[in-house]
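Quick look at entry07.json (JSON, C-alpha atoms and all ligand atoms):
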```
[["chain", "number", "residue", "atom", "x", "y", "z"],
["D", 1, "MET", "CA", 0.26, -14.25, 32.82],
["D", 2, "LYS", "CA", 0.90, -11.31, 30.47],
["D", 3, "HIS", "CA", 4.56, -11.09, 29.47],
["D", 4, "VAL", "CA", 5.55, -7.41, 29.39],
["D", 5, "THR", "CA", 8.66, -6.61, 27.35],
["D", 6, "GLY", "CA", 8.09, -3.06, 26.09],
["D", 7, "GLU", "CA", 7.99, -4.49, 22.56],
["D", 8, "PRO", "CA", 4.72, -4.65, 20.58],
["D", 9, "ARG", "CA", 2.92, -7.95, 20.13],
["D", 10, "ILE", "CA", 3.06, -9.03, 16.46],
["D", 11, "GLY", "CA", -0.43, -8.83, 15.00],
["D", 12, "ASP", "CA", -2.77, -7.60, 12.28],
["D", 13, "VAL", "CA", -2.02, -3.88, 12.65],
["D", 14, "PHE", "CA", -3.84, -2.83, 9.45],
["D", 15, "GLY", "CA", -6.86, -4.95, 10.30],
["D", 16, "GLU", "CA", -7.21, -3.56, 13.81],
["D", 17, "LEU", "CA", -6.77, 0.05, 12.81],
["D", 18, "LEU", "CA", -9.16, -0.22, 9.86],
["D", 19, "ARG", "CA", -11.77, -1.90, 12.07],
["D", 20, "ASP", "CA", -11.47, 0.91, 14.63],
["D", 21, "ALA", "CA", -11.45, 3.60, 11.90],
["D", 22, "LEU", "CA", -14.67, 2.10, 10.52],
["D", 23, "ALA", "CA", -16.22, 2.06, 14.00],
["D", 24, "VAL", "CA", -15.30, 5.75, 14.50],
["D", 25, "ALA", "CA", -16.61, 6.67, 11.02],
["D", 26, "THR", "CA", -19.93, 4.83, 11.37],
["D", 27, "GLY", "CA", -20.48, 5.05, 15.15],
["D", 28, "ILE", "CA", -21.12, 1.28, 15.07],
["D", 29, "GLY", "CA", -19.16, -1.14, 17.26],
["D", 30, "PRO", "CA", -16.56, -0.64, 19.97],
["D", 31, "ARG", "CA", -14.43, 2.43, 19.46],
["D", 32, "PRO", "CA", -11.01, 3.21, 20.91],
["D", 33, "LEU", "CA", -11.31, 5.47, 23.95],
["D", 34, "ALA", "CA", -8.25, 7.02, 25.49],
["D", 35, "GLY", "CA", -9.28, 7.40, 29.09],
["D", 36, "GLY", "CA", -12.35, 9.50, 28.28],
["D", 37, "ARG", "CA", -15.73, 9.03, 26.65],
["D", 38, "LEU", "CA", -15.02, 10.60, 23.26],
["D", 39, "PRO", "CA", -13.78, 8.25, 20.52],
["D", 40, "ARG", "CA", -10.24, 9.14, 19.45],
["D", 41, "PRO", "CA", -9.13, 9.49, 15.84],
["D", 42, "VAL", "CA", -7.36, 6.30, 14.80],
["D", 43, "ILE", "CA", -3.66, 6.91, 14.13],
["D", 44, "GLU", "CA", -1.31, 4.57, 12.29],
["D", 45, "ILE", "CA", 2.17, 4.77, 13.82],
["D", 46, "ILE", "CA", 4.99, 4.26, 11.33],
["D", 47, "GLU", "CA", 8.46, 3.54, 12.75],
["D", 48, "ARG", "CA", 11.57, 3.66, 10.56],
["D", 49, "ASP", "CA", 14.75, 1.80, 11.47],
["D", 50, "ASP", "CA", 16.66, 5.04, 12.11],
["D", 51, "GLY", "CA", 14.26, 5.79, 14.96],
["D", 52, "LEU", "CA", 12.02, 8.22, 13.01],
["D", 53, "VAL", "CA", 8.38, 7.93, 14.07],
["D", 54, "ASN", "CA", 5.39, 9.32, 12.17],
["D", 55, "GLY", "CA", 1.67, 9.22, 12.86],
["D", 56, "ALA", "CA", -0.91, 9.20, 10.08],
["D", 57, "PRO", "CA", -4.69, 9.32, 10.57],
["D", 58, "ALA", "CA", -6.22, 6.07, 9.31],
["D", 59, "ALA", "CA", -9.60, 7.59, 8.36],
["D", 60, "HIS", "CA", -8.45, 8.33, 4.79],
["D", 61, "TYR", "CA", -8.35, 4.57, 4.03],
["D", 62, "LEU", "CA", -12.17, 4.78, 4.11],
["D", 63, "ASP", "CA", -12.49, 8.04, 2.19],
["D", 64, "GLU", "CA", -15.29, 8.48, -0.33],
["D", 65, "PRO", "CA", -14.23, 9.42, -3.89],
["D", 66, "GLN", "CA", -15.00, 13.14, -3.34],
["D", 67, "ASP", "CA", -12.20, 13.23, -0.72],
["D", 68, "TRP", "CA", -9.59, 11.38, -2.79],
["D", 69, "GLN", "CA", -6.40, 12.85, -4.23],
["D", 70, "PRO", "CA", -6.70, 13.72, -7.94],
["D", 71, "HIS", "CA", -4.22, 10.98, -8.92],
["D", 72, "ASP", "CA", -6.53, 8.32, -7.42],
["D", 73, "HIS", "CA", -9.27, 9.43, -9.84],
["D", 74, "ARG", "CA", -6.87, 9.39, -12.77],
["D", 75, "ALA", "CA", -5.78, 5.89, -11.73],
["D", 76, "VAL", "CA", -9.29, 4.43, -11.65],
["D", 77, "ASP", "CA", -10.12, 6.14, -14.96],
["D", 78, "ARG", "CA", -7.29, 4.09, -16.54],
["D", 79, "VAL", "CA", -8.71, 0.77, -15.35],
["D", 80, "ARG", "CA", -9.92, -1.68, -17.98],
["D", 81, "GLY", "CA", -11.08, -5.28, -17.72],
["D", 82, "ALA", "CA", -10.74, -7.67, -14.80],
["D", 83, "THR", "CA", -8.85, -5.83, -12.08],
["D", 84, "LEU", "CA", -6.80, -6.95, -9.08],
["D", 85, "ASP", "CA", -6.60, -4.29, -6.36],
["D", 86, "VAL", "CA", -3.33, -5.26, -4.64],
["D", 87, "GLY", "CA", -3.39, -4.24, -0.97],
["D", 88, "VAL", "CA", -7.08, -3.35, -1.12],
["D", 89, "GLY", "CA", -6.99, -1.86, 2.41],
["D", 90, "GLY", "CA", -10.44, -0.61, 3.45],
["D", 91, "GLY", "CA", -11.79, -1.17, -0.07],
["D", 92, "ARG", "CA", -12.31, 2.47, -1.10],
["D", 93, "ILE", "CA", -11.03, 1.92, -4.67],
["D", 94, "ALA", "CA", -12.65, -1.50, -5.14],
["D", 95, "LEU", "CA", -16.06, -0.13, -4.08],
["D", 96, "LEU", "CA", -16.01, 2.58, -6.78],
["D", 97, "LEU", "CA", -14.91, 0.08, -9.41],
["D", 98, "GLN", "CA", -17.72, -2.30, -8.41],
["D", 99, "GLU", "CA", -20.19, 0.58, -8.72],
["D", 100, "ARG", "CA", -18.86, 1.20, -12.24],
["D", 101, "GLY", "CA", -19.44, -2.46, -13.15],
["D", 102, "VAL", "CA", -15.72, -3.34, -13.28],
["D", 103, "PRO", "CA", -14.99, -6.95, -12.22],
["D", 104, "VAL", "CA", -12.63, -6.28, -9.32],
["D", 105, "THR", "CA", -10.86, -8.58, -6.85],
["D", 106, "GLY", "CA", -9.43, -7.12, -3.65],
["D", 107, "LEU", "CA", -6.26, -8.85, -2.43],
["D", 108, "ASP", "CA", -4.68, -8.23, 0.96],
["D", 109, "THR", "CA", -2.50, -10.01, 3.51],
["D", 110, "SER", "CA", -4.51, -8.51, 6.38],
["D", 111, "ALA", "CA", -7.48, -10.65, 7.45],
["D", 112, "GLY", "CA", -8.94, -7.68, 9.32],
["D", 113, "ALA", "CA", -8.70, -5.39, 6.29],
["D", 114, "LEU", "CA", -10.61, -7.99, 4.26],
["D", 115, "GLN", "CA", -13.31, -8.16, 6.95],
["D", 116, "VAL", "CA", -13.69, -4.37, 6.75],
["D", 117, "CYS", "CA", -13.91, -4.62, 2.95],
["D", 118, "ARG", "CA", -16.59, -7.32, 3.23],
["D", 119, "ARG", "CA", -18.62, -5.27, 5.69],
["D", 120, "ARG", "CA", -18.43, -2.28, 3.36],
["D", 121, "GLY", "CA", -19.69, -4.39, 0.42],
["D", 122, "VAL", "CA", -16.62, -5.49, -1.55],
["D", 123, "ARG", "CA", -17.70, -8.84, -3.03],
["D", 124, "ASP", "CA", -14.60, -10.60, -4.37],
["D", 125, "LEU", "CA", -11.76, -10.80, -1.84],
["D", 126, "VAL", "CA", -8.58, -12.86, -1.59],
["D", 127, "HIS", "CA", -6.42, -13.33, 1.51],
["D", 128, "ALA", "CA", -2.95, -13.84, 0.00],
["D", 129, "THR", "CA", 0.23, -12.31, -1.34],
["D", 130, "VAL", "CA", 0.44, -11.90, -5.11],
["D", 131, "ASP", "CA", 2.88, -14.84, -5.20],
["D", 132, "GLU", "CA", 0.35, -17.10, -3.45],
["D", 133, "HIS", "CA", -2.51, -15.86, -5.65],
["D", 134, "ALA", "CA", -0.46, -16.53, -8.81],
["D", 135, "THR", "CA", -1.20, -20.26, -8.46],
["D", 136, "SER", "CA", -4.98, -19.68, -8.38],
["D", 137, "GLY", "CA", -5.49, -19.74, -12.15],
["D", 138, "ARG", "CA", -7.22, -16.33, -12.02],
["D", 139, "ARG", "CA", -6.13, -13.78, -14.64],
["D", 140, "TYR", "CA", -6.41, -9.98, -14.78],
["D", 141, "ASP", "CA", -6.15, -7.11, -17.25],
["D", 142, "THR", "CA", -5.30, -4.41, -14.69],
["D", 143, "PHE", "CA", -3.35, -4.45, -11.44],
["D", 144, "LEU", "CA", -3.74, -1.53, -9.05],
["D", 145, "LEU", "CA", -1.09, -0.61, -6.48],
["D", 146, "LEU", "CA", -2.64, 2.50, -4.97],
["D", 147, "GLY", "CA", -2.20, 4.37, -1.69],
["D", 148, "ASN", "CA", 1.60, 4.35, -2.28],
["D", 149, "ASN", "CA", 1.54, 0.58, -2.74],
["D", 150, "LEU", "CA", 4.25, 0.73, -5.38],
["D", 151, "GLY", "CA", 6.16, 0.32, -2.11],
["D", 152, "LEU", "CA", 5.30, -3.40, -2.16],
["D", 153, "ILE", "CA", 8.02, -3.82, -4.80],
["D", 154, "GLU", "CA", 10.37, -3.42, -1.75],
["D", 155, "GLY", "CA", 13.72, -3.06, -3.54],
["D", 156, "ARG", "CA", 16.19, -4.67, -5.92],
["D", 157, "GLU", "CA", 15.93, -8.13, -4.36],
["D", 158, "ARG", "CA", 12.17, -8.50, -4.25],
["D", 159, "ALA", "CA", 11.28, -6.60, -7.46],
["D", 160, "PRO", "CA", 11.93, -9.45, -9.97],
["D", 161, "THR", "CA", 9.79, -11.97, -8.01],
["D", 162, "PHE", "CA", 7.02, -9.47, -7.36],
["D", 163, "LEU", "CA", 6.86, -8.39, -11.02],
["D", 164, "ALA", "CA", 7.00, -12.04, -12.17],
["D", 165, "ALA", "CA", 4.07, -12.92, -9.86],
["D", 166, "LEU", "CA", 2.01, -10.09, -11.37],
["D", 167, "ALA", "CA", 2.96, -11.30, -14.87],
["D", 168, "ALA", "CA", 1.84, -14.84, -13.96],
["D", 169, "LEU", "CA", -1.57, -13.39, -13.07],
["D", 170, "ALA", "CA", -1.76, -11.25, -16.22],
["D", 171, "ARG", "CA", -3.76, -11.61, -19.41],
["D", 172, "PRO", "CA", -2.05, -10.55, -22.66],
["D", 173, "GLY", "CA", -1.88, -6.75, -22.86],
["D", 174, "ALA", "CA", -2.29, -6.31, -19.10],
["D", 175, "GLN", "CA", -1.25, -3.14, -17.27],
["D", 176, "VAL", "CA", -0.10, -2.20, -13.78],
["D", 177, "ILE", "CA", -1.12, 1.20, -12.42],
["D", 178, "ALA", "CA", 0.97, 2.08, -9.39],
["D", 179, "HIS", "CA", 1.07, 5.08, -7.10],
["D", 180, "GLY", "CA", 4.56, 6.06, -5.98],
["D", 181, "THR", "CA", 6.27, 9.02, -4.32],
["D", 182, "ASP", "CA", 9.60, 10.45, -5.44],
["D", 183, "PRO", "CA", 11.47, 10.83, -2.14],
["D", 184, "TYR", "CA", 14.41, 12.88, -3.36],
["D", 185, "GLY", "CA", 12.95, 16.43, -3.45],
["D", 186, "THR", "CA", 13.43, 16.89, 0.29],
["D", 187, "ARG", "CA", 16.24, 18.84, 1.99],
["D", 188, "ASP", "CA", 15.33, 17.56, 5.44],
["D", 189, "PRO", "CA", 18.61, 16.15, 6.80],
["D", 190, "VAL", "CA", 16.73, 13.38, 8.65],
["D", 191, "HIS", "CA", 15.60, 12.06, 5.25],
["D", 192, "THR", "CA", 18.62, 12.91, 3.10],
["D", 193, "GLY", "CA", 20.87, 11.34, 5.78],
["D", 194, "TYR", "CA", 18.72, 8.21, 5.78],
["D", 195, "HIS", "CA", 18.88, 7.97, 1.96],
["D", 196, "GLU", "CA", 22.68, 8.27, 2.15],
["D", 197, "HIS", "CA", 22.88, 5.65, 4.90],
["D", 198, "ASN", "CA", 20.77, 3.29, 2.76],
["D", 199, "ARG", "CA", 22.99, 3.74, -0.29],
["D", 200, "ARG", "CA", 26.09, 3.04, 1.79],
["D", 201, "ARG", "CA", 24.60, -0.29, 2.83],
["D", 202, "GLY", "CA", 23.77, -1.20, -0.81],
["D", 203, "ARG", "CA", 20.08, -0.34, -0.72],
["D", 204, "LEU", "CA", 18.11, 2.13, -2.82],
["D", 205, "GLY", "CA", 17.98, 5.52, -1.06],
["D", 206, "GLY", "CA", 14.25, 5.34, -0.38],
["D", 207, "GLN", "CA", 14.16, 1.65, 0.51],
["D", 208, "LEU", "CA", 12.51, 2.17, 3.86],
["D", 209, "ARG", "CA", 12.75, -0.36, 6.65],
["D", 210, "LEU", "CA", 9.54, 0.08, 8.61],
["D", 211, "ARG", "CA", 7.24, -1.40, 11.13],
["D", 212, "LEU", "CA", 3.70, -0.27, 11.82],
["D", 213, "ARG", "CA", 2.15, -0.02, 15.24],
["D", 214, "TYR", "CA", -1.34, 0.36, 16.55],
["D", 215, "ARG", "CA", -2.21, 0.20, 20.21],
["D", 216, "GLU", "CA", -0.23, -2.77, 21.63],
["D", 217, "LEU", "CA", 0.31, -4.39, 18.22],
["D", 218, "GLY", "CA", 3.19, -4.17, 15.78],
["D", 219, "THR", "CA", 4.17, -5.69, 12.44],
["D", 220, "PRO", "CA", 7.54, -7.34, 11.91],
["D", 221, "TRP", "CA", 10.09, -5.01, 10.26],
["D", 222, "PHE", "CA", 9.60, -4.94, 6.47],
["D", 223, "ASP", "CA", 10.98, -3.11, 3.42],
["D", 224, "TYR", "CA", 8.77, -0.60, 1.62],
["D", 225, "LEU", "CA", 10.13, 1.26, -1.39],
["D", 226, "VAL", "CA", 9.72, 4.91, -2.17],
["D", 227, "CYS", "CA", 11.68, 5.48, -5.37],
["D", 228, "SER", "CA", 12.04, 7.92, -8.23],
["D", 229, "PRO", "CA", 10.54, 7.06, -11.65],
["D", 230, "GLU", "CA", 14.13, 6.59, -12.90],
["D", 231, "GLU", "CA", 14.83, 3.98, -10.22],
["D", 232, "LEU", "CA", 11.53, 2.30, -11.04],
["D", 233, "ALA", "CA", 12.50, 2.10, -14.71],
["D", 234, "GLU", "CA", 15.71, 0.29, -13.66],
["D", 235, "LEU", "CA", 13.82, -2.15, -11.44],
["D", 236, "VAL", "CA", 11.34, -2.93, -14.22],
["D", 237, "HIS", "CA", 14.09, -3.37, -16.83],
["D", 238, "GLY", "CA", 14.51, -7.07, -17.70],
["D", 239, "SER", "CA", 11.11, -8.01, -16.18],
["D", 240, "PRO", "CA", 8.03, -9.01, -18.23],
["D", 241, "TRP", "CA", 6.83, -5.39, -17.86],
["D", 242, "GLN", "CA", 7.73, -2.10, -19.49],
["D", 243, "LEU", "CA", 7.33, 1.33, -17.89],
["D", 244, "VAL", "CA", 5.23, 3.10, -20.52],
["D", 245, "ASP", "CA", 3.98, 6.20, -18.70],
["D", 246, "VAL", "CA", 4.68, 8.34, -15.64],
["D", 247, "ASP", "CA", 2.03, 10.88, -14.67],
["D", 248, "SER", "CA", 3.71, 13.40, -12.33],
["D", 249, "HIS", "CA", 0.94, 16.02, -12.26],
["D", 250, "ASP", "CA", 0.75, 15.78, -8.48],
["D", 251, "ALA", "CA", 4.54, 15.65, -7.89],
["D", 252, "PRO", "CA", 6.17, 14.36, -5.76],
["D", 253, "TYR", "CA", 3.44, 11.74, -6.17],
["D", 254, "TYR", "CA", 3.26, 9.94, -9.47],
["D", 255, "LEU", "CA", 1.28, 7.25, -11.23],
["D", 256, "ALA", "CA", 3.38, 4.73, -13.08],
["D", 257, "THR", "CA", 1.86, 2.57, -15.82],
["D", 258, "LEU", "CA", 3.56, -0.69, -16.71],
["D", 259, "GLN", "CA", 2.57, -2.70, -19.77],
["D", 260, "LEU", "CA", 3.06, -6.46, -20.19],
["D", 261, "THR", "CA", 5.61, -6.95, -22.97],
["D", 262, "ALA", "CA", 5.28, -10.65, -23.78],
["L", 1, "LIG", "C1", -1.00, 1.81, 2.51],
["L", 1, "LIG", "S1", -2.37, 0.65, 2.55],
["L", 1, "LIG", "C2", -3.15, 1.04, 1.00],
["L", 1, "LIG", "C3", -4.61, 0.64, 0.95],
["L", 1, "LIG", "C4", -5.37, 0.92, -0.33],
["L", 1, "LIG", "N1", -4.67, 0.48, -1.54],
["L", 1, "LIG", "C5", -5.73, 2.38, -0.45],
["L", 1, "LIG", "O1", -5.24, 3.04, -1.39],
["L", 1, "LIG", "O2", -6.53, 2.86, 0.35],
["L", 1, "LIG", "C6", -1.52, -0.86, 2.28],
["L", 1, "LIG", "C7", -2.38, -2.12, 2.22],
["L", 1, "LIG", "O3", -1.58, -3.16, 1.64],
["L", 1, "LIG", "C8", -1.69, -4.34, 2.43],
["L", 1, "LIG", "N2", -0.46, -5.14, 2.27],
["L", 1, "LIG", "C9", 0.71, -4.99, 2.91],
["L", 1, "LIG", "N3", 1.61, -5.89, 2.47],
["L", 1, "LIG", "C10", 0.99, -6.60, 1.51],
["L", 1, "LIG", "C11", 1.40, -7.66, 0.65],
["L", 1, "LIG", "N4", 2.63, -8.15, 0.69],
["L", 1, "LIG", "N5", 0.50, -8.15, -0.23],
["L", 1, "LIG", "C12", -0.75, -7.64, -0.30],
["L", 1, "LIG", "N6", -1.20, -6.64, 0.48],
["L", 1, "LIG", "C13", -0.34, -6.12, 1.37],
["L", 1, "LIG", "C14", -1.93, -3.83, 3.84],
["L", 1, "LIG", "O4", -2.53, -4.83, 4.65],
["L", 1, "LIG", "C15", -2.83, -2.63, 3.58],
["L", 1, "LIG", "O5", -4.18, -2.99, 3.56]]
```

What does the file become when written as structure tokens?
Ligand SMILES: C[S@@+](CC[C@H](N)C(=O)[O-])C[C@H]1O[C@@H](n2cnc3c(N)ncnc32)[C@H](O)[C@@H]1O
Amino acid sequence: MKHVTGEPRIGDVFGELLRDALAVATGIGPRPLAGGRLPRPVIEIIERDDGLVNGAPAAHYLDEPQDWQPHDHRAVDRVRGATLDVGVGGGRIALLLQERGVPVTGLDTSAGALQVCRRRGVRDLVHATVDEHATSGRRYDTFLLLGNNLGLIEGRERAPTFLAALAALARPGAQVIAHGTDPYGTRDPVHTGYHEHNRRRGRLGGQLRLRLRYRELGTPWFDYLVCSPEELAELVHGSPWQLVDVDSHDAPYYLATLQLTA
């Protein structure tokens, strides 16, 4: 019998929403219907631990290059050599790199996201965290953390392990190209109050505690970091990486480039 608690069932939120977004975009396969006959846009629900809830359309995870943000183009133009797309999502970046002849591996912890990537034609896919993949013996010249995936650095506790795992996967001279958002330009008291609350409990201001929801599914609560370039420089300090460039042309978004020092 179904056990109803009001809480979401833990599951592959990204996988399910990407699969539905692909079905809506292509018209192929079962699409989410909300009581009617017309397919609904697929919305990712993002919950923060202060109760803030946001909805973001998932379709952009499948966007073609002509619909990308300018910083995404500048990021892929910086790619060189064997590339690991960390948190490959629906594969939009990996597909363009493949087309350009770049050897690219898409890594993701979502089995469903990887299925979507495979169906869209991404050839080399890995179901793992970077830590797990570090033992594979594979090596890369470029690591991409796009679609705000600088957030995967999580905060002060996780940053050293995450950066060490990337370094273990790196060839000499490797680079990380990461998309971040500086959270501190806002005057919205909901956000500034949250940043203050975080600092009081010893966290970075923009160290978000989130869970994602889609339909009846949810993720466990996890940390996702939105930080300023200055905070990033501190997190990188003492790691095998050096912050060598910050491109803030699309502020508050920025592209950070890290270079392997050793
Ligand atoms: C915000 S989406 C970005 C997708 C893609 N990079 C883009 O720009 O379209 C985040 C992706 O990272 C994946 N992800 C989340 N945590 C991860 C982790 N610890 N390691 C690898 N991938 C992760 C999610 O499953 C999701 O596909």

Find the residues near region 169-183 of chain D: any atom within 8 Å, counting all atoms listed in the file, skip ones fewer than 6 places away on the same chain, and give them as a ChimeraX atom specification.
-> /D:75,78,133-134,137-151,206,226-229,251-262

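Excluding Leu22 (chain D) and any residue on its chain fewer than 3 positions from it, the residues at most 9 Å away by all atoms listed in the file are Leu17, Leu18, Arg19, Ala25, Thr26, Gly27, Ile28, Gly29, Arg31, Ala59, Leu62, Gly90 and Val116 of chain D.
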
Val42 (chain D): which residues within 7 Å, counting all atoms listed in the file, same-chain residues fewer than 2 positions away excluded, as a PyMOL selection string?
-> chain D and resi 17+20-21+40+44+57-59

Within 10 Å of ligand LIG 1 (chain L): each chain D residue with its shortest pair, all atoms listed in the file, as JSON lines:
```
{"residue": "D:Asp12", "atom": "CA", "partner": "L:LIG1", "partner_atom": "O4", "distance": 8.1}
{"residue": "D:Val13", "atom": "CA", "partner": "L:LIG1", "partner_atom": "O4", "distance": 8.1}
{"residue": "D:Phe14", "atom": "CA", "partner": "L:LIG1", "partner_atom": "O4", "distance": 5.4}
{"residue": "D:Gly15", "atom": "CA", "partner": "L:LIG1", "partner_atom": "O4", "distance": 7.1}
{"residue": "D:Leu18", "atom": "CA", "partner": "L:LIG1", "partner_atom": "O5", "distance": 8.5}
{"residue": "D:Ala58", "atom": "CA", "partner": "L:LIG1", "partner_atom": "S1", "distance": 9.5}
{"residue": "D:Ala59", "atom": "CA", "partner": "L:LIG1", "partner_atom": "O2", "distance": 9.8}
{"residue": "D:His60", "atom": "CA", "partner": "L:LIG1", "partner_atom": "O2", "distance": 7.3}
{"residue": "D:Tyr61", "atom": "CA", "partner": "L:LIG1", "partner_atom": "O2", "distance": 4.4}
{"residue": "D:Leu62", "atom": "CA", "partner": "L:LIG1", "partner_atom": "O2", "distance": 7.0}
{"residue": "D:Asp63", "atom": "CA", "partner": "L:LIG1", "partner_atom": "O2", "distance": 8.1}
{"residue": "D:Trp68", "atom": "CA", "partner": "L:LIG1", "partner_atom": "O1", "distance": 9.5}
{"residue": "D:Asp72", "atom": "CA", "partner": "L:LIG1", "partner_atom": "O1", "distance": 8.1}
{"residue": "D:Asp85", "atom": "CA", "partner": "L:LIG1", "partner_atom": "N1", "distance": 7.1}
{"residue": "D:Val86", "atom": "CA", "partner": "L:LIG1", "partner_atom": "C12", "distance": 5.6}
{"residue": "D:Gly87", "atom": "CA", "partner": "L:LIG1", "partner_atom": "O3", "distance": 3.4}
{"residue": "D:Val88", "atom": "CA", "partner": "L:LIG1", "partner_atom": "N1", "distance": 4.5}
{"residue": "D:Gly89", "atom": "CA", "partner": "L:LIG1", "partner_atom": "O5", "distance": 3.2}
{"residue": "D:Gly90", "atom": "CA", "partner": "L:LIG1", "partner_atom": "O2", "distance": 6.1}
{"residue": "D:Gly91", "atom": "CA", "partner": "L:LIG1", "partner_atom": "O2", "distance": 6.6}
{"residue": "D:Arg92", "atom": "CA", "partner": "L:LIG1", "partner_atom": "O2", "distance": 6.0}
{"residue": "D:Ile93", "atom": "CA", "partner": "L:LIG1", "partner_atom": "O1", "distance": 6.7}
{"residue": "D:Ala94", "atom": "CA", "partner": "L:LIG1", "partner_atom": "N1", "distance": 9.0}
{"residue": "D:Gly106", "atom": "CA", "partner": "L:LIG1", "partner_atom": "N1", "distance": 9.2}
{"residue": "D:Leu107", "atom": "CA", "partner": "L:LIG1", "partner_atom": "C12", "distance": 6.0}
{"residue": "D:Asp108", "atom": "CA", "partner": "L:LIG1", "partner_atom": "N6", "distance": 3.9}
{"residue": "D:Thr109", "atom": "CA", "partner": "L:LIG1", "partner_atom": "N6", "distance": 4.7}
{"residue": "D:Ser110", "atom": "CA", "partner": "L:LIG1", "partner_atom": "O4", "distance": 4.5}
{"residue": "D:Ala111", "atom": "CA", "partner": "L:LIG1", "partner_atom": "O4", "distance": 8.1}
{"residue": "D:Gly112", "atom": "CA", "partner": "L:LIG1", "partner_atom": "O4", "distance": 8.4}
{"residue": "D:Ala113", "atom": "CA", "partner": "L:LIG1", "partner_atom": "O5", "distance": 5.8}
{"residue": "D:Leu114", "atom": "CA", "partner": "L:LIG1", "partner_atom": "O5", "distance": 8.2}
{"residue": "D:Cys117", "atom": "CA", "partner": "L:LIG1", "partner_atom": "O5", "distance": 9.9}
{"residue": "D:Val126", "atom": "CA", "partner": "L:LIG1", "partner_atom": "C12", "distance": 9.5}
{"residue": "D:His127", "atom": "CA", "partner": "L:LIG1", "partner_atom": "C12", "distance": 8.2}
{"residue": "D:Ala128", "atom": "CA", "partner": "L:LIG1", "partner_atom": "C12", "distance": 6.6}
{"residue": "D:Thr129", "atom": "CA", "partner": "L:LIG1", "partner_atom": "N5", "distance": 4.3}
{"residue": "D:Val130", "atom": "CA", "partner": "L:LIG1", "partner_atom": "N5", "distance": 6.2}
{"residue": "D:Asp131", "atom": "CA", "partner": "L:LIG1", "partner_atom": "N5", "distance": 8.7}
{"residue": "D:Glu132", "atom": "CA", "partner": "L:LIG1", "partner_atom": "N5", "distance": 9.5}
{"residue": "D:His133", "atom": "CA", "partner": "L:LIG1", "partner_atom": "N5", "distance": 9.9}
{"residue": "D:Leu144", "atom": "CA", "partner": "L:LIG1", "partner_atom": "N1", "distance": 7.8}
{"residue": "D:Leu145", "atom": "CA", "partner": "L:LIG1", "partner_atom": "N1", "distance": 6.2}
{"residue": "D:Leu146", "atom": "CA", "partner": "L:LIG1", "partner_atom": "O1", "distance": 4.5}
{"residue": "D:Gly147", "atom": "CA", "partner": "L:LIG1", "partner_atom": "O1", "distance": 3.3}
{"residue": "D:Asn148", "atom": "CA", "partner": "L:LIG1", "partner_atom": "C1", "distance": 6.0}
{"residue": "D:Asn149", "atom": "CA", "partner": "L:LIG1", "partner_atom": "C1", "distance": 6.0}
{"residue": "D:Leu150", "atom": "CA", "partner": "L:LIG1", "partner_atom": "C1", "distance": 9.5}
{"residue": "D:Gly151", "atom": "CA", "partner": "L:LIG1", "partner_atom": "C1", "distance": 8.7}
{"residue": "D:Leu152", "atom": "CA", "partner": "L:LIG1", "partner_atom": "N4", "distance": 6.1}
{"residue": "D:Ile153", "atom": "CA", "partner": "L:LIG1", "partner_atom": "N4", "distance": 8.8}
{"residue": "D:Glu154", "atom": "CA", "partner": "L:LIG1", "partner_atom": "N4", "distance": 9.4}
{"residue": "D:Phe162", "atom": "CA", "partner": "L:LIG1", "partner_atom": "N4", "distance": 9.3}
{"residue": "D:Ala178", "atom": "CA", "partner": "L:LIG1", "partner_atom": "N1", "distance": 9.8}
{"residue": "D:His179", "atom": "CA", "partner": "L:LIG1", "partner_atom": "O1", "distance": 8.8}
{"residue": "D:Phe222", "atom": "CA", "partner": "L:LIG1", "partner_atom": "N3", "distance": 9.0}
{"residue": "D:Asp223", "atom": "CA", "partner": "L:LIG1", "partner_atom": "N3", "distance": 9.8}
{"residue": "D:Tyr224", "atom": "CA", "partner": "L:LIG1", "partner_atom": "N3", "distance": 8.9}
```

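You will find CA of Asp124 (chain D) at 20.5 Å from CA of Ala167 (chain D).
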
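CA of Pro240 (chain D) to CA of Thr105 (chain D) spans 22.1 Å [interatomic distance, one decimal].
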
In Å to one decimal, how far is CA of Gly121 (chain D) from CA of Gly11 (chain D)?
-> 24.6 Å

Excluding Arg213 (chain D) and its own-chain neighbours fewer than 6 positions away, which residues fall within 8 Å of it when counting only C-alpha atoms? Please give them as a PDB file with C-alpha atoms, in the frame of the given file.
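So out-v8.pdb came out as:
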```pdb
ATOM      1  CA  PRO D   8       4.720  -4.650  20.580  1.00  0.00           C
ATOM      2  CA  VAL D  13      -2.020  -3.880  12.650  1.00  0.00           C
ATOM      3  CA  GLU D  44      -1.310   4.570  12.290  1.00  0.00           C
ATOM      4  CA  ILE D  45       2.170   4.770  13.820  1.00  0.00           C
ATOM      5  CA  ILE D  46       4.990   4.260  11.330  1.00  0.00           C
ATOM      6  CA  GLU D  47       8.460   3.540  12.750  1.00  0.00           C
ATOM      7  CA  THR D 219       4.170  -5.690  12.440  1.00  0.00           C
TER       8      THR D 219
END
```

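Among the candidates D:Arg211, D:Arg156, D:His197, D:His249, the residue lying nearest to His237 (chain D) is D:Arg156 (atoms considered: only C-alpha atoms).
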
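Among the candidates D:Leu243, D:Val190, D:Ala164, D:Leu212, the residue lying nearest to Arg9 (chain D) is D:Leu212 (atoms considered: all atoms listed in the file).
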
Rank nothing, just name the residue among D:Pro65, D:Pro32, D:Pro41, D:Pro70 nearest to Leu97 (chain D), using all atoms listed in the file.
-> D:Pro65

Top pick for closest residue to Arg123 (chain D), considering D:Thr135, D:Arg48, D:Pro103, D:Arg209 and counting all atoms listed in the file | D:Pro103

Please determine the residues with any atom at most 12 Å from (20.5, 0.3, -2.8) (coordinates as given in the file, with all atoms listed in the file counting) and report them as JSON, numbers by chain.
-> {"D": [154, 155, 156, 157, 194, 195, 196, 197, 198, 199, 200, 201, 202, 203, 204, 205, 206, 207, 208, 223, 225, 226, 227, 231, 234, 235]}
